[in-house]
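Heads up: the structure comes next, in C-alpha cells.
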Amino acid sequence: MDLRFLDALPSSEEQAAVDAVLGPPDSAWVGGARTEDDLRRAHGGHAARGQRHLLLPVLHAVNDRVGYLSQAALDYVCRRLTVPPAEAYGVATFYAMFAVRERPKKVMHVCTDIACKALGSDALVAELEERVGHHGPRGADAEVEWHHSPCLGMCERGPAALTLEAGEPPTYAVSAPATCEVLARLGGRAAPAAAPGDASANGHREGAEVGLAPVDGAAFTGAAEPAGAAAPPAGAPADASAEPPARTADPSVEPAAASPLTFGTALIPGGEPEPPAEAAVPQAGDPELVLLRRIGTVDPESLDDYRAAGGYNALRQAFKIGPARVIQEVLDSGLVGRGGAAFPTGRKWDATARQPDRPKYLICNADESEPGTFKDRVVIEGDPFSLVESMTIAGYAIGATHGYVYLRGEYPRALQRLENALAAARERNLLGTDILGTGFDFDIEVRRGAGAYICGEETAIFNSIEGERGEPRSKPPFPVEKGLFGKPTVINNVETLINVLPILEMGGPGYAAIGTGRSTGPKLFCVSGTVRRPGIYELPFGATLRELLELAGGAPEGREIRAVLLGGAAGGFVRGDELDIPLTFEGTREAGTTLGSGVILVLDDTVDLGGVLLRIAQFFRDESCGQCVPCRVGTVRQEEALHRMVNAPAGRRTDLTLLREVGGAMRDASICGLGQTAWNAVESAIDRLGVFPLEPAGGSGGTSAGTEQP
Amino acid sequence: MTIQDDTVRRTGMSVPLAPPRRLVELSIDGETIAVPEGETILTACETAGKDIPTLCYGDTLTPKNACRVCVVELEGARVLAPACSRKVEAGMVVKTDSERARHSRKLVLELLASSVDLSTTPRAAEWLESYGAEPERFGPAAAPAAIGERDKLHAGAHELPSGEAAATVHQPPKVDNELYVRDYAKCILCYKCVDACGEQWQNTFAIGVAGRGFDARISTEHNNPLPDSACVYCGNCIEVCPTGALSFKSEFDRRAEGSWDESRQTQTTTICTYCGVGCNVTLHVQDNEIVKVTSPHENPVTHGNLCIKGRFGFQHVQNRRRD
C-alpha cells in the first residue's frame with residue numbers, strides 16, 4: 001500500500017480526539033514524534049492494515065469533538081490506521097452526519113419525514129427559515145446550521161428535531177415536539193441559565209427531577225395529542241414519569257476517559273429535557289405485555305432492578321439447556337425476523353452455528369431508519385438490559401464471542417443507556433470472560449451509524465463496521481456463510497432478539513401458541529401520524545389494523561383516516577376502508593401489502609398525499625448508496641417525474657408510464673432491498689389510493705386512451 | 001486466482017496449474033450447455049454465443065456488478081441476476097432475452113444515457129438502438145455543473161428538482177496534469193478505476209468513491225488535484241475505463257481539436273524497453289505519432305497493467321523524430 005500524505009498537521013484538539021480512541025501514537029510511522037527507534041523498525045503488514053474497522057469510531061470521535069473532518073485530521077486518522085486518505089475521504093463523505101468542510105459546532109437536524117410532515121413539520125421549517133435563517137451549510141463563524149432530516153425515529157411526538165453540539169464531551173438536545181421557540185433558543189448564541197439535564201442522566205444533581213416535558217402540540221395544525229399527556233401509563237408506579245436518578249458507577253464529575261458514555265450528561269443550553277422512554281408506550285404497565293413489560297416499570301439504568309424484575313433468568317436457562325437446545329427452542333418458537341424480511345431466526349442461527357469457520361459474529365441491527373419506525377429506540381432507551389441479555393444468549397447459541405450493536409447515529413439517549421448497560425453488565429461478569437463461571441466468553445461493542453439509511457441493510461452494516469463505505473454486498477454468499485470480516489455472522493433486529501427472552505422463559509412451543517399460523521409471538525407496532533395516541537404498541541399477531549388503531553384512539557375528532565402506510569417508505573399504503581387487514585405476515589401478504597418493520601403511519605384527510613409521496617421519493621434519492629444504476633439514477637428520475645405529476649398535471653399519462661417502467665427496473669435489477677422497494681409506496685399510492693386519477697379522454701393527460709399504457 | 005486461471009485457460013500461454021474442473025449443466029434460452037464449475041453466467045452465455053451487454057465488467061477485475069446492464073432472468077428467482085458475477089449452478093434455467101431482462105437492460109441504458117455522456121462508450125449507441133432506449137423521455141438535460149461543484153455535495157441532501165430538466169453528472173473535464181484527463185461527465189461509476197488503482201492491481205489507492213447516491217463520484221481525498229494525490233500515473237485506470245471518462249491527454253486534445261480518428265490508427269504490440277520485466281505495450285499510432293498506449297489484458301504476467309514509463313514514456317520517440 002502506497003500511502004501519501006500532505007504536510008498538514010492536525011490541531012491539538014483533532015489529535016486528542018483521535019488519541020482518545022486509539023491511544024497515543026507509538027512511533028513516527030503513525031504520526032508520533034520521531035525517535036531513534038523508528039529507524040530500526042518497519043511499520044506495515046497485517047497488524048498495521050488490520051485496524052481499518054476502527055475508522056468509523058475514530059471519524060466519529062473527531063466529528064464529535066471538532067464538528068467536522070479537516071484534511072489534516074483525516075490525514076492523521078489515516079496515518080494512525082494505515083488507511084489510504086482517498087478511501088477514508090470516501091467513507092467520510094458517505095455519511096450525512098460527517099462534514100469535510102468547516103462548519104458551526106452546533107448542527108440541528110429537523111425531521112421533515114412523513115410522520116413529522118403529517119404533524120406540521122412544513123410549518124415549523126417555514127418558521128425556522130425566517131427566524132434562524134436558511135437551512136443548509138454555514139461557515140464556522142455561524143452559531144448553528146440546520147438541515148432537513150430524514151426520519152429521526154421520534155414519530156410519536158413529531159415534529160422532531162435533534163441538535164448536536166461538538167465539544168468535549170459532545171452534547172445533544174432532542175426536541176419533540178419541536179417548536180420554533182425552542183429551536184431558535186437552542187441555536188442562539190447567548191446561552192441562557194444552564195438548563196437542567198435530562199432528568200434520567202444526572203444522578204448527581206439533586207432536586208433536578210423533571211417529569212414529563214411540557215409538550216405543546218397545539219402550535220401546529222394537524223398535531224396529534226401529545227403522546228406524554230395522552231398516555232399516563234396505566235398501572236405504572238406513581239413515580240414512573242420521573243426517571244430514577246441512580247446510575248451505577250457514574251463518576252460524579254463530567255466524563256473523563258473513564259466514563260463509558262460518549263455524550264455529556266448536560267443538555268445543550270436552551271434544550272428541554274426528554275420525556276422518559278415509556279411516554280412512547282401508551283400500554284406501559286399493562287401486565288399482559290411481554291416485550292414491553294419492563295418499560296416504565298423498571299429503571300432502565302439499573303441492573304439490579306432489571307434482575308429483580310426477572311432479568312437474566314433467560315440467560316441462566318440458556319446456560320442450563322446448552323446452545324443446541326436454545327437453537328431448537330428458537331426454531332420451535334417459529335420466530336421470524338422483525339426487521340422487515342421475516343426470515344426464520346432459528347434457521348439463521350442454526351446455519352451459522354453449523355459453519356466450521358471461526359470466529360463467528362453476532363450483530364444486532366439497531367440502525368433503525370425506516371421512516372415511521374421507532375421501536376428499537378424505545379426498547380433500548382426503556383429496557384436496554386433486555387437487549388444485552390438476549391444478545392448474550394444469541395452469542396452463546398451460535399458460538400460467537402464478539403457481538404456488535406450497530407446503533408443509528410441519531411439516537412444519543414439510546415446510546416447512553418446502552419453504554420451504561422454494557423458497563424454495568426461487564427462489571428457483574430454478565431459480559432466478558434467466563435460469564436457467570438460457565439466458561440463462555442462474550443462481549444458486545446456498540447458501533448454508531450453516522451446518518452445512512454442504507455446501513456440498515458445487513459451486508460451494508462458489515463461494510464460499515466469494517467470501515468468501508470456502507471454499500472451492500474452481492475448475495476450470495478449469504479451472511480451465515482460469509483458475513484462480517486468474511487466470517488459466519490448472525491444479524492438480527494433489536495425486536496427479534498428481545499423475543500428470545502420470552503421464548504426461553506415459556507419454551508419454544510409455548511411461545512408459538514401466541515399469534516397465528518406463520519406469525520407467532522407478540523409484535524411491536526410503531527403507530528404514528530394523525531392518530532390520538534401514537535406510540536409503540538404490543539399485540540399478539542392476529543389483531544387487525546382496525547383493532548390496533550382503536551387502541552391508538554383512531555383519528556382525531558372530526559377527521560377521517562384516508563390512508564395508512566404499512567412498513568414505512570419501503571412498504572405500501574392501504575386505504576382507510578381496508579382496516580380489516582389482519583396484521584400478520586400472511587394476512588398482509590394476502591392483502592397485497594406488507595408488514596415490514598411494523599410501521600403503522602396514519603394519514604387523515606387533511607394530509608397532503610402528493611407532498612408525502614414527494615417526501616418518500618426525496619428520501620430514496622437521498623439514501624440510495626449510489627452503487628447500482630437502477631437505484632442511483634432511478635430514484636432521481638422517480639422524484640423528478642413525481643414533481644411533474646404533483647405540480648403540473650400536463651404529461652401525467654406519460655409520467656405514469658415512466659414511473660412504472662423505472663419502478664419495474666429498480667425492483668428487478670437493483671442490488672439490494674433499498675432499490676428493490678424504492679417504488680413500492682409510490683406504486684401503492686397510485687394503484688390503491690388513486691392519488692393520480694387519470695384524466696378523462698381528451699384531458700390534459702396527453703393521450704386520448706382511456707386506460708394508461710403500462 | 002480465478003482471473004489468472006481464466007487467462008491461462010483462454011490464452012493457453014502457460015500450463016494450467018489447477019486440476020480440471022467439473023462441468024455444470026445449465027439451460028440458457030432453452031439450450032443446454034455445460035461449463036466448468038465456478039464460471040459465471042456471462043462466460044456460459046459467451047460459450048453459448050449470446051451477446052450480453054456489459055459496462056462495469058472488466059476481464060481483469062473482480063466483477064462489481066454495479067451497472068446491472070448484464071442482468072438475466074433466472075427461473076424461480078425473485079429478482080434478476082447479474083450475469084457478470086453470478087456463478088453457474090447445475091440445473092439453472094437462464095433467460096437472457098426475456099421481457100423482464102430486456103426491460104431492465106433498456107432502462108439501465110436509458111437511465112445512464114440520460115445522465116451521463118456516453119459519446120465515447122464503445123457500443124453504447126448500438127445497444128441503445130437495439131433495446132429501443134429513449135433517454136430523452138426523462139426530459140431535457142439539466143445544465144452542467146461548474147467545475148468542482150459536484151465534489152462539494154453532501155450526502156443525504158439535495159436541491160429539490162422541478163421536474164423540468166433531467167439531472168445529469170455533466171461537468172467540465174478535470175485537466176490537472178500533462179498525462180491524462182478525468183472527464184467525469186462520462187463517468188458511469190463502474191468502480192473499475194478505483195479497483196485497478198487500489199487493491200486489485202496497483203495498490204496505490206489514489207482515488208476512491210466519495211459522496212453518496214446520485215452525487216457519488218470518483219475522487220482523490222478532498223478532491224485534491226492529482227499531482228497532490230498518491231497517483232503514480234501508471235494509467236491502469238485508463239486501461240479499464242469503459243466509457244472514455246479517463247483518457248490520455250494526447251487523445252483528449254486530439255478529440256477536442258477534432259483530429260482523433262481511430263480509423264487512421266494502427267496498433268502495434270511490442271515490448272517496453274525501459275526495464276527488464278518485459279511488459280507488452282500496444283502502441284496506438286495515428287499519422288505516425290503514438291497517441292496512446294495500452295497493454296494486452298491476456299498477458300499472464302501483467303494483465304494489461306503498466307507503469308508510468310510504459311504507459312506515458314513515449315514522448316522521446318516523437319521528439320527524436322522531430323529533431
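We label chains A, B, ... in the order they appear in the C-alpha cells, count residues from 1 in each chain, and number ligands from 1 in the order shown.
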If DSSP is run on the backbone, what residues of segment 302-521 of chain A are strand (DSSP E or B)? A reply as a ChimeraX atom specification would be ideal.
/A:336,344,361-366,402-407,432,442-448,489-493,515-516,519-520
May I have the residues of chain B within 6 Å of chain A, counting only C-alpha atoms, written as a ChimeraX atom specification?
/B:66-67,79-80,104,108,111,155-157,163,203-204,206-214,220-221,230
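Atom pair atom CA of Glu410 of chain A / atom CA of Gly23 of chain A: separated by 26.3 Å.
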Taking only C-alpha atoms into account, which of B:Gly235, B:Pro242, B:Gly310, B:Gly258 comes nearest Val281 of chain B?
B:Gly310
May I have all residues of segment 34-272 of chain B that DSSP, computed from the backbone, assigns to alpha helix (DSSP H), given as a PyMOL selection string?
chain B and resi 41-47+99-115+124-130+192-197+236-240+249-257
Which of these, B:Gly132, B:Gly244, B:Gly91, B:Pro140, has the shortest distance to Ser115 of chain B once you count only C-alpha atoms?
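Ranking B:Gly132, B:Gly244, B:Gly91, B:Pro140 by distance to Ser115 of chain B, first place goes to B:Pro140.
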For segment 118-128 of chain B, find every residue with an atom within 12 Å (counting only C-alpha atoms), except residues of its own chain fewer than 2 positions away, and show them as a VMD selection string.
chain B and resid 51 to 56 69 to 70 102 105 to 116 130 to 136 168 to 170 183 to 188 241 to 247 251 to 252 255 260 262
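Using only C-alpha atoms for every distance, the candidate list B:Asp287, B:Ile271, B:His103, B:Gln200 yields B:His103 as the residue closest to Arg660 of chain A.
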Name all residues at most 9 Å from Gly139 of chain A (count only C-alpha atoms; drop same-chain ones fewer than 3 positions away) and give them as a list in words.
Arg101, Glu102, Arg103, Pro104, Ala142, Glu143 and Glu145 of chain A
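Across A:Leu119, A:Ala394, A:Ile295, A:Ala284, the tightest approach to Ala324 of chain A is made by A:Ala394 when counting only C-alpha atoms.
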Which residues come within 9 Å of Tyr76 of chain A, counting only C-alpha atoms, excluding same-chain residues fewer than 6 positions away, as a list in words?
Phe5, Ala8, Leu9, Pro10, Glu14, Gln15, Val18, Val30 and Gly31 of chain A
Taking into account only C-alpha atoms, which residue in the set B:Val175, B:Val24, B:Leu226, B:Ala196 is nearest to Phe248 of chain B?
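Closest residue, counting only C-alpha atoms: B:Val175.
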What is the distance between atom CA of Leu55 of chain A and atom CA of Asp7 of chain A, in Å to one decimal?
20.9 Å
